[in-house]
$ cat work.cif   # mmCIF, C-alpha atoms and all ligand atoms
data_protein
#
loop_
_atom_site.label_atom_id
_atom_site.label_comp_id
_atom_site.auth_asym_id
_atom_site.auth_seq_id
_atom_site.Cartn_x
_atom_site.Cartn_y
_atom_site.Cartn_z
CA MET A 1 106.55 125.85 144.34
CA THR A 2 109.80 124.54 142.88
CA ALA A 3 109.27 126.74 139.84
CA THR A 4 109.55 129.96 141.82
CA LEU A 5 112.35 128.89 144.20
CA HIS A 6 114.72 127.67 141.47
CA PRO A 7 115.33 129.03 138.01
CA LEU A 8 112.89 127.32 135.67
CA THR A 9 115.71 125.87 133.62
CA ASP A 10 116.94 123.74 136.59
CA THR A 11 113.48 122.36 137.30
CA ASP A 12 112.86 118.65 136.69
CA PRO A 13 109.39 118.38 135.12
CA PHE A 14 109.45 114.65 136.03
CA SER A 15 109.97 115.22 139.76
CA ALA A 16 107.35 113.71 142.06
CA GLU A 17 106.20 117.18 143.12
CA ILE A 18 105.51 118.37 139.60
CA LEU A 19 104.00 115.09 138.42
CA ALA A 20 101.61 115.29 141.39
CA ASP A 21 100.61 118.88 140.58
CA PRO A 22 101.94 120.03 137.20
CA LEU A 23 99.84 123.16 136.74
CA PRO A 24 102.04 125.80 138.50
CA PHE A 25 105.14 124.58 136.63
CA GLN A 26 103.25 124.63 133.34
CA ALA A 27 102.06 128.21 133.91
CA ALA A 28 105.67 129.25 134.62
CA LEU A 29 106.86 127.44 131.49
CA ARG A 30 104.28 129.22 129.32
CA ASP A 31 105.17 132.59 130.84
CA ALA A 32 108.90 132.02 130.29
CA GLY A 33 108.42 132.06 126.51
CA PRO A 34 107.56 129.89 123.53
CA VAL A 35 110.41 127.46 124.27
CA THR A 36 112.67 127.00 127.32
CA HIS A 37 115.81 124.93 127.74
CA LEU A 38 115.36 122.59 130.72
CA ALA A 39 118.93 121.79 131.66
CA ARG A 40 118.24 118.87 134.03
CA HIS A 41 117.55 116.56 131.10
CA ASP A 42 119.00 118.80 128.36
CA LEU A 43 115.60 119.11 126.71
CA TYR A 44 113.57 121.99 125.31
CA GLY A 45 110.07 122.51 126.71
CA MET A 46 107.13 124.04 124.89
CA GLY A 47 104.04 124.92 126.89
CA ARG A 48 102.02 127.37 124.81
CA TYR A 49 99.16 126.26 122.60
CA ALA A 50 100.30 128.07 119.43
CA GLU A 51 103.82 126.63 119.38
CA VAL A 52 102.80 123.15 120.53
CA HIS A 53 100.14 123.00 117.83
CA ALA A 54 102.52 124.33 115.17
CA ALA A 55 105.24 121.82 116.12
CA LEU A 56 102.82 118.87 116.14
CA VAL A 57 101.74 119.57 112.58
CA ASP A 58 105.35 120.20 111.43
CA TRP A 59 106.51 116.58 111.25
CA GLN A 60 109.32 117.45 108.83
CA ARG A 61 111.20 119.51 111.44
CA PHE A 62 109.82 117.88 114.62
CA CYS A 63 110.24 114.20 113.90
CA SER A 64 108.99 111.11 115.70
CA GLY A 65 111.35 108.56 114.16
CA ALA A 66 114.02 109.24 116.81
CA GLY A 67 111.43 108.30 119.44
CA VAL A 68 108.79 110.35 121.25
CA GLY A 69 110.43 109.89 124.64
CA LEU A 70 113.63 111.37 126.04
CA VAL A 71 115.75 108.57 124.52
CA ASN A 72 117.11 109.47 121.09
CA PHE A 73 116.84 106.28 119.02
CA ARG A 74 119.59 107.54 116.73
CA THR A 75 122.13 107.40 119.56
CA GLU A 76 120.61 105.11 122.22
CA GLU A 77 118.90 101.73 122.19
CA PRO A 78 115.08 101.82 122.63
CA TRP A 79 113.76 99.50 125.38
CA ARG A 80 111.49 97.68 122.88
CA PRO A 81 111.32 97.55 119.06
CA PRO A 82 109.95 100.95 117.97
CA SER A 83 106.25 101.33 117.24
CA LEU A 84 105.48 101.44 113.50
CA LEU A 85 102.89 104.15 114.14
CA LEU A 86 104.08 106.30 117.02
CA GLU A 87 107.83 106.22 116.51
CA THR A 88 108.09 106.65 112.75
CA ASP A 89 107.88 109.39 110.16
CA PRO A 90 106.57 109.34 106.62
CA PRO A 91 106.97 107.39 104.45
CA HIS A 92 107.33 104.41 106.86
CA HIS A 93 104.48 105.69 109.00
CA ASP A 94 101.98 105.86 106.18
CA ALA A 95 101.04 102.24 105.38
CA PRO A 96 100.48 101.23 109.02
CA ARG A 97 98.40 104.36 109.61
CA ARG A 98 96.40 103.89 106.41
CA VAL A 99 95.62 100.30 107.44
CA LEU A 100 94.70 101.03 111.06
CA ALA A 101 92.63 104.21 110.61
CA PRO A 102 89.59 102.58 108.95
CA ILE A 103 89.72 99.58 111.35
CA LEU A 104 89.23 102.02 114.26
CA GLY A 105 87.13 104.55 112.34
CA PRO A 106 83.55 105.66 113.03
CA ARG A 107 82.08 103.49 110.25
CA ALA A 108 83.70 100.30 111.52
CA LEU A 109 82.72 101.07 115.11
CA ARG A 110 79.02 101.18 114.32
CA ARG A 111 78.83 97.41 114.78
CA LEU A 112 80.23 97.77 118.32
CA ARG A 113 77.94 100.56 119.47
CA ASP A 114 74.91 98.54 120.60
CA ARG A 115 77.10 95.88 122.20
CA TRP A 116 79.12 98.42 124.19
CA PHE A 117 76.05 100.41 125.28
CA ALA A 118 74.44 97.15 126.51
CA ALA A 119 77.67 96.13 128.27
CA ALA A 120 77.83 99.53 130.01
CA GLU A 121 74.21 99.23 131.17
CA GLU A 122 74.90 95.76 132.57
CA HIS A 123 78.10 96.99 134.21
CA VAL A 124 76.43 99.95 135.95
CA ASP A 125 73.37 97.88 136.96
CA ALA A 126 75.63 95.31 138.61
CA LEU A 127 77.55 98.06 140.40
CA LEU A 128 74.40 99.73 141.73
CA GLY A 129 72.92 96.39 142.83
CA GLY A 130 69.36 95.96 144.03
CA GLY A 131 69.38 98.18 147.14
CA ARG A 132 67.88 101.62 147.57
CA GLY A 133 70.42 104.00 149.14
CA PRO A 134 73.48 105.61 147.58
CA VAL A 135 76.36 103.32 146.57
CA ASP A 136 80.03 103.98 147.33
CA VAL A 137 82.38 102.88 144.57
CA ASP A 138 85.92 103.48 143.42
CA GLY A 139 85.60 105.41 140.19
CA MET A 140 88.88 103.91 139.00
CA ALA A 141 88.65 100.19 139.90
CA ASP A 142 84.87 99.91 139.45
CA LEU A 143 84.31 102.12 136.39
CA ALA A 144 87.30 103.69 134.62
CA GLU A 145 89.39 100.49 134.69
CA SER A 146 86.86 97.70 134.69
CA PHE A 147 84.65 98.95 131.87
CA PRO A 148 87.38 99.34 129.21
CA LEU A 149 88.98 96.08 130.34
CA ARG A 150 85.59 94.44 129.82
CA VAL A 151 85.03 95.65 126.23
CA PHE A 152 88.30 96.68 124.57
CA PRO A 153 90.35 93.45 124.75
CA ASP A 154 87.33 91.57 123.37
CA ALA A 155 87.17 94.02 120.48
CA VAL A 156 90.87 93.47 119.73
CA GLY A 157 90.21 89.72 119.93
CA ILE A 158 92.70 88.60 122.57
CA PRO A 159 91.95 85.72 124.98
CA ARG A 160 90.70 86.36 128.55
CA GLU A 161 93.72 84.77 130.20
CA GLY A 162 96.45 87.22 131.19
CA ARG A 163 94.64 90.51 130.67
CA GLU A 164 96.00 91.69 134.03
CA HIS A 165 99.27 92.38 132.15
CA LEU A 166 97.70 95.16 130.08
CA LEU A 167 97.60 98.02 132.61
CA PRO A 168 101.09 97.50 134.09
CA TYR A 169 102.56 97.13 130.59
CA GLY A 170 101.03 100.44 129.52
CA ASP A 171 102.02 102.12 132.77
CA HIS A 172 105.66 101.19 132.24
CA LEU A 173 105.57 102.13 128.56
CA PHE A 174 104.29 105.62 129.40
CA ASN A 175 106.86 105.97 132.20
CA ALA A 176 109.61 104.95 129.79
CA PHE A 177 108.98 108.01 127.58
CA GLY A 178 110.43 110.06 130.45
CA PRO A 179 113.88 109.94 132.08
CA ALA A 180 115.14 106.76 133.77
CA ASN A 181 113.89 107.89 137.20
CA TRP A 182 112.45 105.91 140.14
CA LEU A 183 109.18 105.24 138.26
CA VAL A 184 111.02 103.55 135.40
CA GLU A 185 113.25 101.61 137.81
CA ALA A 186 110.21 100.30 139.68
CA GLY A 187 108.44 99.26 136.46
CA ALA A 188 111.53 97.64 134.94
CA VAL A 189 111.42 94.85 137.54
CA HIS A 190 108.40 93.16 135.93
CA VAL A 191 108.28 94.60 132.43
CA ALA A 192 109.83 91.55 130.76
CA GLU A 193 106.88 89.35 131.81
CA HIS A 194 104.29 91.94 130.78
CA ALA A 195 106.00 92.54 127.43
CA ALA A 196 106.36 88.83 126.71
CA TRP A 197 102.64 88.32 127.28
CA VAL A 198 101.65 91.39 125.21
CA ASN A 199 103.90 90.33 122.32
CA ALA A 200 102.47 86.80 122.41
CA GLN A 201 98.91 88.18 121.88
CA CYS A 202 99.86 89.80 118.57
CA THR A 203 100.20 86.66 116.44
CA ARG A 204 97.50 85.63 114.02
CA GLN A 205 96.77 82.28 115.73
CA VAL A 206 96.06 83.87 119.12
CA LEU A 207 93.63 86.51 117.84
CA ALA A 208 89.89 85.91 117.38
CA ASP A 209 88.84 86.07 113.75
CA ASP A 210 86.40 88.99 114.07
CA GLY A 211 88.35 91.63 116.01
CA PHE A 212 90.62 94.61 115.31
CA GLY A 213 93.60 92.24 115.46
CA ALA A 214 92.24 89.95 112.73
CA ALA A 215 91.47 93.01 110.60
CA ILE A 216 95.13 94.03 110.85
CA TRP A 217 96.22 90.53 109.77
CA ALA A 218 93.72 90.67 106.88
CA ALA A 219 95.51 93.81 105.67
CA ALA A 220 98.75 91.79 105.66
CA ASP A 221 97.01 89.10 103.56
CA ARG A 222 95.97 91.80 101.07
CA GLY A 223 99.56 93.06 100.91
CA ASP A 224 98.75 96.51 102.36
CA ILE A 225 101.31 95.83 105.12
CA THR A 226 103.81 92.99 105.52
CA ALA A 227 103.42 89.97 107.79
CA GLU A 228 106.34 91.37 109.83
CA GLN A 229 104.47 94.63 110.40
CA ALA A 230 101.14 93.12 111.46
CA PRO A 231 102.07 91.96 114.99
CA LEU A 232 103.70 95.31 115.81
CA ILE A 233 100.54 97.14 114.75
CA VAL A 234 98.47 94.86 117.00
CA ARG A 235 100.98 95.70 119.74
CA SER A 236 100.13 99.40 119.27
CA LEU A 237 96.48 98.66 120.11
CA LEU A 238 97.50 96.89 123.31
CA SER A 239 100.05 99.61 124.15
CA ALA A 240 98.05 102.75 123.52
CA GLY A 241 94.48 101.53 123.89
CA VAL A 242 94.05 100.70 127.57
CA ASP A 243 95.72 103.04 130.08
CA THR A 244 94.92 106.11 127.99
CA THR A 245 91.20 105.35 127.92
CA VAL A 246 91.20 104.35 131.59
CA HIS A 247 92.64 107.71 132.59
CA GLY A 248 90.44 109.58 130.13
CA LEU A 249 87.43 108.00 131.82
CA GLY A 250 88.96 108.76 135.22
CA ALA A 251 89.25 112.40 134.14
CA VAL A 252 85.65 112.73 132.99
CA LEU A 253 84.34 111.02 136.14
CA ARG A 254 86.38 113.40 138.30
CA ALA A 255 85.13 116.38 136.29
CA LEU A 256 81.48 115.34 136.54
CA ALA A 257 81.72 114.43 140.24
CA THR A 258 83.12 117.88 141.04
CA HIS A 259 80.80 119.82 138.70
CA PRO A 260 77.20 118.99 139.70
CA GLU A 261 75.82 121.44 137.13
CA ALA A 262 77.61 119.50 134.39
CA TRP A 263 76.17 116.22 135.71
CA ALA A 264 72.67 117.75 135.68
CA ALA A 265 73.19 118.95 132.10
CA LEU A 266 74.36 115.49 131.03
CA ARG A 267 71.29 113.87 132.65
CA GLU A 268 69.09 116.30 130.76
CA ARG A 269 70.91 115.76 127.46
CA PRO A 270 72.82 112.43 127.33
CA ASP A 271 74.17 113.39 123.90
CA LEU A 272 76.50 115.75 125.82
CA ALA A 273 78.53 112.66 126.79
CA ARG A 274 80.86 113.21 123.85
CA VAL A 275 81.52 116.89 124.58
CA ALA A 276 81.99 115.98 128.25
CA PHE A 277 84.66 113.43 127.36
CA ASP A 278 86.55 115.74 125.00
CA GLU A 279 86.33 118.62 127.47
CA ALA A 280 87.74 116.28 130.13
CA VAL A 281 90.54 115.22 127.78
CA ARG A 282 91.34 118.94 127.33
CA TRP A 283 90.95 119.80 131.04
CA GLU A 284 92.89 116.88 132.52
CA SER A 285 94.96 115.81 129.49
CA PRO A 286 95.53 112.18 130.53
CA VAL A 287 98.48 112.06 128.11
CA GLN A 288 100.38 115.11 129.36
CA THR A 289 103.45 115.12 127.13
CA PHE A 290 105.23 113.65 124.15
CA PHE A 291 108.67 114.47 122.78
CA ARG A 292 109.73 115.29 119.29
CA THR A 293 113.32 115.51 117.95
CA ALA A 294 114.61 118.50 115.98
CA GLU A 295 115.46 117.32 112.46
CA VAL A 296 117.31 120.61 111.76
CA ASP A 297 118.17 123.73 113.76
CA VAL A 298 114.79 125.31 114.50
CA PRO A 299 114.57 129.01 115.46
CA ILE A 300 111.69 129.63 117.88
CA GLY A 301 111.28 133.08 119.41
CA GLY A 302 114.82 134.18 120.28
CA THR A 303 116.10 130.61 120.73
CA VAL A 304 117.53 128.12 118.27
CA VAL A 305 116.61 124.55 119.13
CA PRO A 306 119.62 122.65 117.77
CA GLU A 307 119.38 119.73 115.39
CA GLY A 308 119.11 116.47 117.32
CA ALA A 309 117.64 118.13 120.45
CA LYS A 310 114.67 116.62 122.23
CA ILE A 311 111.65 118.93 122.55
CA LEU A 312 108.98 118.15 125.11
CA MET A 313 105.48 119.10 123.95
CA PHE A 314 103.39 119.87 127.02
CA LEU A 315 99.98 118.90 125.64
CA GLY A 316 98.31 119.45 129.00
CA SER A 317 99.82 122.93 129.24
CA ALA A 318 98.72 123.86 125.71
CA ASN A 319 95.23 122.68 126.65
CA ARG A 320 95.19 125.17 129.54
CA ASP A 321 96.94 128.08 127.83
CA PRO A 322 94.95 131.26 128.53
CA ARG A 323 96.46 132.71 125.33
CA HIS A 324 94.20 130.30 123.45
CA TRP A 325 91.39 129.26 125.81
CA ASP A 326 88.88 131.37 127.63
CA ASP A 327 89.08 130.55 131.38
CA PRO A 328 91.01 127.33 130.62
CA ASP A 329 90.95 125.91 134.15
CA ARG A 330 87.16 125.74 134.09
CA PHE A 331 85.57 122.43 133.05
CA ASP A 332 82.73 123.74 130.95
CA LEU A 333 80.26 121.72 128.86
CA THR A 334 79.17 124.86 127.02
CA ARG A 335 82.59 125.43 125.46
CA ASP A 336 83.73 123.84 122.20
CA PRO A 337 86.83 121.85 123.22
CA SER A 338 87.69 120.85 119.68
CA GLY A 339 91.18 121.87 118.70
CA HIS A 340 92.56 120.60 122.02
CA VAL A 341 95.82 118.71 121.65
CA GLY A 342 94.98 116.01 124.22
CA PHE A 343 94.83 113.50 121.35
CA GLY A 344 97.79 115.18 119.68
CA MET A 345 97.46 116.95 116.33
CA GLY A 346 98.65 116.40 112.80
CA LEU A 347 99.47 113.11 111.18
CA HIS A 348 100.09 111.23 114.45
CA GLN A 349 96.84 112.39 116.04
CA CYS A 350 95.33 109.55 118.08
CA VAL A 351 94.10 106.88 115.69
CA GLY A 352 92.03 105.30 118.48
CA GLN A 353 90.14 108.43 119.52
CA HIS A 354 86.83 107.18 118.09
CA VAL A 355 87.16 103.99 120.11
CA ALA A 356 87.85 105.98 123.28
CA ARG A 357 84.88 108.29 122.62
CA LEU A 358 82.58 105.32 122.08
CA GLU A 359 83.68 103.71 125.36
CA ALA A 360 83.08 107.02 127.14
CA ALA A 361 79.69 107.58 125.50
CA ALA A 362 78.55 104.09 126.49
CA LEU A 363 79.66 104.39 130.11
CA LEU A 364 78.45 107.96 130.65
CA SER A 365 75.06 107.27 129.03
CA ALA A 366 74.51 104.24 131.26
CA LEU A 367 75.48 106.27 134.34
CA ALA A 368 73.41 109.32 133.38
CA ALA A 369 70.29 107.18 132.98
CA ARG A 370 70.71 105.55 136.41
CA VAL A 371 72.48 108.00 138.71
CA SER A 372 70.89 111.29 139.76
CA ARG A 373 73.92 112.61 141.62
CA ILE A 374 77.59 111.64 141.65
CA GLU A 375 79.95 113.12 144.19
CA PRO A 376 83.42 112.50 145.61
CA SER A 377 83.15 110.60 148.92
CA ALA A 378 86.83 111.19 149.76
CA GLU A 379 89.85 112.84 148.17
CA PRO A 380 91.11 111.00 145.06
CA ILE A 381 94.60 109.52 145.14
CA ARG A 382 96.91 110.37 142.27
CA HIS A 383 98.88 107.74 140.42
CA LEU A 384 102.21 109.22 139.28
CA ASN A 385 103.49 108.45 135.80
CA ASN A 386 106.13 110.23 133.69
CA THR A 387 103.62 110.79 130.87
CA MET A 388 100.10 110.33 132.18
CA ARG A 389 98.02 112.38 134.57
CA ALA A 390 96.19 109.68 136.39
CA PHE A 391 94.34 108.55 139.49
CA ALA A 392 95.05 105.40 141.50
CA SER A 393 91.68 105.66 143.15
CA GLN A 394 88.73 107.98 143.16
CA PRO A 395 86.08 107.27 145.82
CA LEU A 396 82.65 108.25 144.51
CA ARG A 397 79.14 108.16 145.92
CA LEU A 398 76.44 107.35 143.37
CA TYR A 399 72.83 108.27 144.11
CA ARG A 400 70.33 106.14 142.22
CA ALA A 401 67.90 107.99 139.99
C1 LIG B 1 100.09 106.78 121.28
C2 LIG B 1 100.86 105.59 121.69
C3 LIG B 1 101.22 105.45 123.00
C4 LIG B 1 101.93 104.33 123.37
C5 LIG B 1 102.27 103.37 122.44
C6 LIG B 1 101.91 103.49 121.13
C7 LIG B 1 101.20 104.61 120.76
C8 LIG B 1 102.31 102.45 120.14
O1 LIG B 1 102.08 102.63 118.96
O2 LIG B 1 102.87 101.42 120.56
#

$ encode --input "work.cif" --output "structure tokens"
Amino acid sequence: MTATLHPLTDTDPFSAEILADPLPFQAALRDAGPVTHLARHDLYGMGRYAEVHAALVDWQRFCSGAGVGLVNFRTEEPWRPPSLLLETDPPHHDAPRRVLAPILGPRALRRLRDRWFAAAEEHVDALLGGGRGPVDVDGMADLAESFPLRVFPDAVGIPREGREHLLPYGDHLFNAFGPANWLVEAGAVHVAEHAAWVNAQCTRQVLADDGFGAAIWAAADRGDITAEQAPLIVRSLLSAGVDTTVHGLGAVLRALATHPEAWAALRERPDLARVAFDEAVRWESPVQTFFRTAEVDVPIGGTVVPEGAKILMFLGSANRDPRHWDDPDRFDLTRDPSGHVGFGMGLHQCVGQHVARLEAAALLSALAARVSRIEPSAEPIRHLNNTMRAFASQPLRLYRA
């Protein structure tokens, strides 16, 4: 209850207490007004849906080119070369985005659909085994982590060897958007090895010739991007494409395990898998926050956010703002979750969202066809990260259909 004992402005939104349970702080932030100065890190926090949405679509005043973490790239050194997609503004942002969007778009993904649905069926069959009784699994290790790690790196076209670097690399990257606290210090110990491996997977010679990676290099051959840009765009896939989906799947599994009526509805109508995933992305918001930087003085409510200031967009808070959502804390398959900002909004909105939805649809469909009941068999354990709302483990009991 930090938020009520101390003035909100002194609260550290990246403290272990708030990362473990961010909802009370977020409610206090929304109630305090459209924007609040958080003095601990000299940042401005926005927690209401209307203002977060408006700022995300206003890239001219709320820029990404100075970084979308607390570090201002105009005054401090970024820990890695900036992303050509995430950490840029138009016009530099546009060619990489224009190249990547169709590679990850619904039309291109059609050729992966059957393969991923078959892989999910195999994966769940192997997990359930040949016995008869219920099966105890870890929803994270056995489903949310292992399924994406089985299909996504293949789709990018990277070799098998070394894939264990992907999750810790992403975990550190998402920590590094926050302040240099104990999470960043712990990750910094091994990040050089993870980053060296990730960077080495982005070259043309390493990538299979039929994956997302090769398609990015083909765009360089056509002249749509340069040969210097191509490896950094591949790096974006390996940076943003693993942990995010893992924790999105963790969120939907948690939601379905704790909402038996939603599981029953999904079994009845497997096409609800997509709504279930988007509602879980709204409800849990695996990517909780991103920063923007004020390009000019921006008046918001009675406050002026000064030019150069960092503004923290609380996506998870906007997704639970009762000013916008009816009964926002309820996970509800009958609501229309579209318009949530869990994938962001505006010109940086998640370019991989169709890939994530396809992974979720494959896994949930395979589970719904084989599992009559799914329930928590013990309390889940949270994994703390400066940006992501995540589980380390999630014990589940699966009852065969
Ligand atoms: C959305 C996102 C998260 C992390 C990394 C990147 C993007 C990237 O482009 O590297």

$ residues_around --input "work.cif" --residues "stretch 314-326 of chain A" --least-positions-apart "2" --cutoff "7 Å" --atoms "all atoms listed in the file" --output "PyMOL selection string"
chain A and resi 26+46-49+52+282-285+288-289+312+328-329+340-342

$ closest_atom_pairs --input "work.cif" --of "chain A" --to "ligand LIG 1 (chain B)" --cutoff "8 Å" --atoms "all atoms listed in the file" --output "tab-separated table"
residue	atom	partner	partner_atom	distance
A:Pro82	CA	B:LIG1	O2	7.6
A:Ser83	CA	B:LIG1	O1	4.7
A:Leu84	CA	B:LIG1	O1	6.5
A:Leu85	CA	B:LIG1	O1	5.1
A:Leu86	CA	B:LIG1	O1	4.6
A:Glu87	CA	B:LIG1	O1	7.2
A:Gly170	CA	B:LIG1	C4	7.3
A:Leu173	CA	B:LIG1	C4	6.7
A:Phe174	CA	B:LIG1	C4	6.6
A:Leu232	CA	B:LIG1	O2	7.8
A:Ile233	CA	B:LIG1	O1	7.1
A:Arg235	CA	B:LIG1	O2	6.1
A:Ser236	CA	B:LIG1	O2	3.6
A:Leu237	CA	B:LIG1	C8	7.0
A:Leu238	CA	B:LIG1	O2	7.5
A:Ser239	CA	B:LIG1	C5	4.7
A:Ala240	CA	B:LIG1	C4	4.2
A:Gly241	CA	B:LIG1	C3	7.8
A:Cys350	CA	B:LIG1	C1	6.4

$ closest_residue --input "work.cif" --among "A:Gly339, A:Glu228, A:Pro34, A:Ser372" --to "A:Ala265" --atoms "only C-alpha atoms"
A:Ser372

$ atom_distance --input "work.cif" --atom1 "atom CA of A:Ala401" --atom2 "atom CA of A:Leu367"
9.6 Å

$ residues_around --input "work.cif" --residues "A:Val281" --least-positions-apart "6" --cutoff "8 Å" --atoms "all atoms listed in the file" --output "list in words"
Gly248, Ala251, Val252, Gly342 and Phe343 of chain A

$ write_last_selection --input "work.cif" --atoms "C-alpha atoms" --output "PDB file, in the coordinates of the input"
ATOM      1  CA  GLY A 248      90.440 109.580 130.130  1.00  0.00           C
ATOM      2  CA  ALA A 251      89.250 112.400 134.140  1.00  0.00           C
ATOM      3  CA  VAL A 252      85.650 112.730 132.990  1.00  0.00           C
ATOM      4  CA  GLY A 342      94.980 116.010 124.220  1.00  0.00           C
ATOM      5  CA  PHE A 343      94.830 113.500 121.350  1.00  0.00           C
TER       6      PHE A 343
END

$ decode --input "work.cif" --residues "stretch 384-391 of chain A" --atoms "all heavy atoms" --output "PDB file, in the first residue's frame"
ATOM      1  N   LEU A 384       9.444 -11.013 -11.806  1.00  0.00           N
ATOM      2  CA  LEU A 384       9.472  -9.544 -11.846  1.00  0.00           C
ATOM      3  C   LEU A 384      10.347  -9.055 -12.994  1.00  0.00           C
ATOM      4  O   LEU A 384      11.433  -9.575 -13.241  1.00  0.00           O
ATOM      5  CB  LEU A 384       9.979  -8.970 -10.522  1.00  0.00           C
ATOM      6  CG  LEU A 384       9.187  -9.335  -9.271  1.00  0.00           C
ATOM      7  CD1 LEU A 384       9.645  -8.471  -8.091  1.00  0.00           C
ATOM      8  CD2 LEU A 384       7.678  -9.194  -9.471  1.00  0.00           C
ATOM      9  N   ASN A 385       9.843  -8.043 -13.677  1.00  0.00           N
ATOM     10  CA  ASN A 385      10.567  -7.408 -14.783  1.00  0.00           C
ATOM     11  C   ASN A 385      10.126  -5.955 -14.821  1.00  0.00           C
ATOM     12  O   ASN A 385       8.963  -5.652 -14.552  1.00  0.00           O
ATOM     13  CB  ASN A 385      10.235  -8.135 -16.101  1.00  0.00           C
ATOM     14  CG  ASN A 385      10.965  -7.545 -17.298  1.00  0.00           C
ATOM     15  OD1 ASN A 385      10.584  -6.502 -17.824  1.00  0.00           O
ATOM     16  ND2 ASN A 385      12.041  -8.198 -17.726  1.00  0.00           N
ATOM     17  N   ASN A 386      11.041  -5.044 -15.163  1.00  0.00           N
ATOM     18  CA  ASN A 386      10.713  -3.614 -15.166  1.00  0.00           C
ATOM     19  C   ASN A 386       9.641  -3.241 -16.184  1.00  0.00           C
ATOM     20  O   ASN A 386       9.056  -2.154 -16.089  1.00  0.00           O
ATOM     21  CB  ASN A 386      11.974  -2.792 -15.449  1.00  0.00           C
ATOM     22  CG  ASN A 386      12.853  -2.635 -14.216  1.00  0.00           C
ATOM     23  OD1 ASN A 386      12.377  -2.734 -13.085  1.00  0.00           O
ATOM     24  ND2 ASN A 386      14.143  -2.403 -14.433  1.00  0.00           N
ATOM     25  N   THR A 387       9.413  -4.071 -17.186  1.00  0.00           N
ATOM     26  CA  THR A 387       8.425  -3.750 -18.221  1.00  0.00           C
ATOM     27  C   THR A 387       7.310  -4.778 -18.318  1.00  0.00           C
ATOM     28  O   THR A 387       6.163  -4.423 -18.599  1.00  0.00           O
ATOM     29  CB  THR A 387       9.123  -3.630 -19.594  1.00  0.00           C
ATOM     30  OG1 THR A 387      10.121  -2.621 -19.530  1.00  0.00           O
ATOM     31  CG2 THR A 387       8.129  -3.281 -20.696  1.00  0.00           C
ATOM     32  N   MET A 388       7.642  -6.032 -18.090  1.00  0.00           N
ATOM     33  CA  MET A 388       6.651  -7.084 -18.338  1.00  0.00           C
ATOM     34  C   MET A 388       5.971  -7.557 -17.066  1.00  0.00           C
ATOM     35  O   MET A 388       6.590  -7.628 -16.002  1.00  0.00           O
ATOM     36  CB  MET A 388       7.310  -8.286 -19.020  1.00  0.00           C
ATOM     37  CG  MET A 388       7.684  -7.997 -20.469  1.00  0.00           C
ATOM     38  SD  MET A 388       8.349  -9.454 -21.286  1.00  0.00           S
ATOM     39  CE  MET A 388       9.829  -9.740 -20.341  1.00  0.00           C
ATOM     40  N   ARG A 389       4.694  -7.896 -17.205  1.00  0.00           N
ATOM     41  CA  ARG A 389       3.965  -8.577 -16.140  1.00  0.00           C
ATOM     42  C   ARG A 389       3.994 -10.049 -16.521  1.00  0.00           C
ATOM     43  O   ARG A 389       3.474 -10.442 -17.569  1.00  0.00           O
ATOM     44  CB  ARG A 389       2.542  -8.041 -16.082  1.00  0.00           C
ATOM     45  CG  ARG A 389       1.756  -8.484 -14.870  1.00  0.00           C
ATOM     46  CD  ARG A 389       0.799  -7.359 -14.471  1.00  0.00           C
ATOM     47  NE  ARG A 389      -0.398  -7.843 -13.796  1.00  0.00           N
ATOM     48  CZ  ARG A 389      -0.437  -8.166 -12.498  1.00  0.00           C
ATOM     49  NH1 ARG A 389       0.653  -8.125 -11.768  1.00  0.00           N
ATOM     50  NH2 ARG A 389      -1.568  -8.551 -11.938  1.00  0.00           N
ATOM     51  N   ALA A 390       4.624 -10.828 -15.669  1.00  0.00           N
ATOM     52  CA  ALA A 390       5.017 -12.162 -16.096  1.00  0.00           C
ATOM     53  C   ALA A 390       4.905 -13.167 -14.958  1.00  0.00           C
ATOM     54  O   ALA A 390       4.831 -12.801 -13.790  1.00  0.00           O
ATOM     55  CB  ALA A 390       6.458 -12.116 -16.595  1.00  0.00           C
ATOM     56  N   PHE A 391       4.876 -14.435 -15.331  1.00  0.00           N
ATOM     57  CA  PHE A 391       4.969 -15.522 -14.362  1.00  0.00           C
ATOM     58  C   PHE A 391       6.279 -16.269 -14.577  1.00  0.00           C
ATOM     59  O   PHE A 391       6.707 -16.473 -15.718  1.00  0.00           O
ATOM     60  CB  PHE A 391       3.819 -16.524 -14.541  1.00  0.00           C
ATOM     61  CG  PHE A 391       2.464 -15.960 -14.215  1.00  0.00           C
ATOM     62  CD1 PHE A 391       1.545 -15.711 -15.231  1.00  0.00           C
ATOM     63  CD2 PHE A 391       2.094 -15.688 -12.901  1.00  0.00           C
ATOM     64  CE1 PHE A 391       0.283 -15.198 -14.940  1.00  0.00           C
ATOM     65  CE2 PHE A 391       0.838 -15.168 -12.605  1.00  0.00           C
ATOM     66  CZ  PHE A 391      -0.068 -14.924 -13.628  1.00  0.00           C
TER      67      PHE A 391
END
